[in-house]
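Let me begin by presenting the structure, written as structure tokens, before commenting on it.
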Amino acid sequence: NTLSIENFYDTTSLKLFPNPTNNKLNGILKGSQQNISIEIISFDGNIVIKNIPIICNAFTIDLTPLSSGIYFLLLKDDKQATIQRFVRQ
């Protein structure tokens, strides 16, 4: 299933903080999304964290197992996706 430009979430629908971060990354979803999955992807394209629980449109990710570097958070559902970059210090 291919994603086209119109299949991406508005970039304002996801807020990540703090960025850069040390041990925890927080996220807030705006609006009501359903059947969402979140994955953390390393700079070289490997999925390093998946199955992140979302509670009341918010989530916190423990980044202590990850080394310092640039990562991407992939937020997707059955129809849309968005990717945001963050830095683990």
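Residue numbers start at 1 in each chain; chains themselves are named A, B, ... in the order of the structure tokens; ligands are numbered from 1 in the order shown.
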
Would you list the contacts of Gln84 (chain A) as a PyMOL selection string, taking every protein, DNA or RNA residue within 12 Å and counting only C-alpha atoms, but skipping same-chain residues closer than 3 positions in sequence?
chain A and resi 8-17+19+27+38-43+70-76+81+87

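The nearest approach to Gly31 (chain A) among the residues A:Asn46, A:Thr64, A:Asn57, A:Gln89, with only C-alpha atoms taken into account, belongs to A:Asn57.
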
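In terms of minimum interatomic distance to Asp78 (chain A), A:Ile36 ranks closest within A:Ile36, A:Leu66, A:Ala58, A:Ile47, counting only C-alpha atoms.
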
Test item: residues at most 8 Å from Leu63 (chain A), only C-alpha atoms, excluding those fewer than 6 positions along its chain, as a ChimeraX atom specification:
/A:22-25,88

Kindly export the residues of the current selection with C-alpha atoms, as a compact mmCIF listing (two decimals), in the first residue's frame.
# COMPACT_ATOMS: atom_id res chain seq x y z
CA ASN A 22 17.85 12.35 27.10
CA ASN A 23 15.83 9.45 28.49
CA LYS A 24 12.17 10.10 27.69
CA LEU A 25 10.27 11.44 24.71
CA ARG A 88 18.57 11.32 21.58
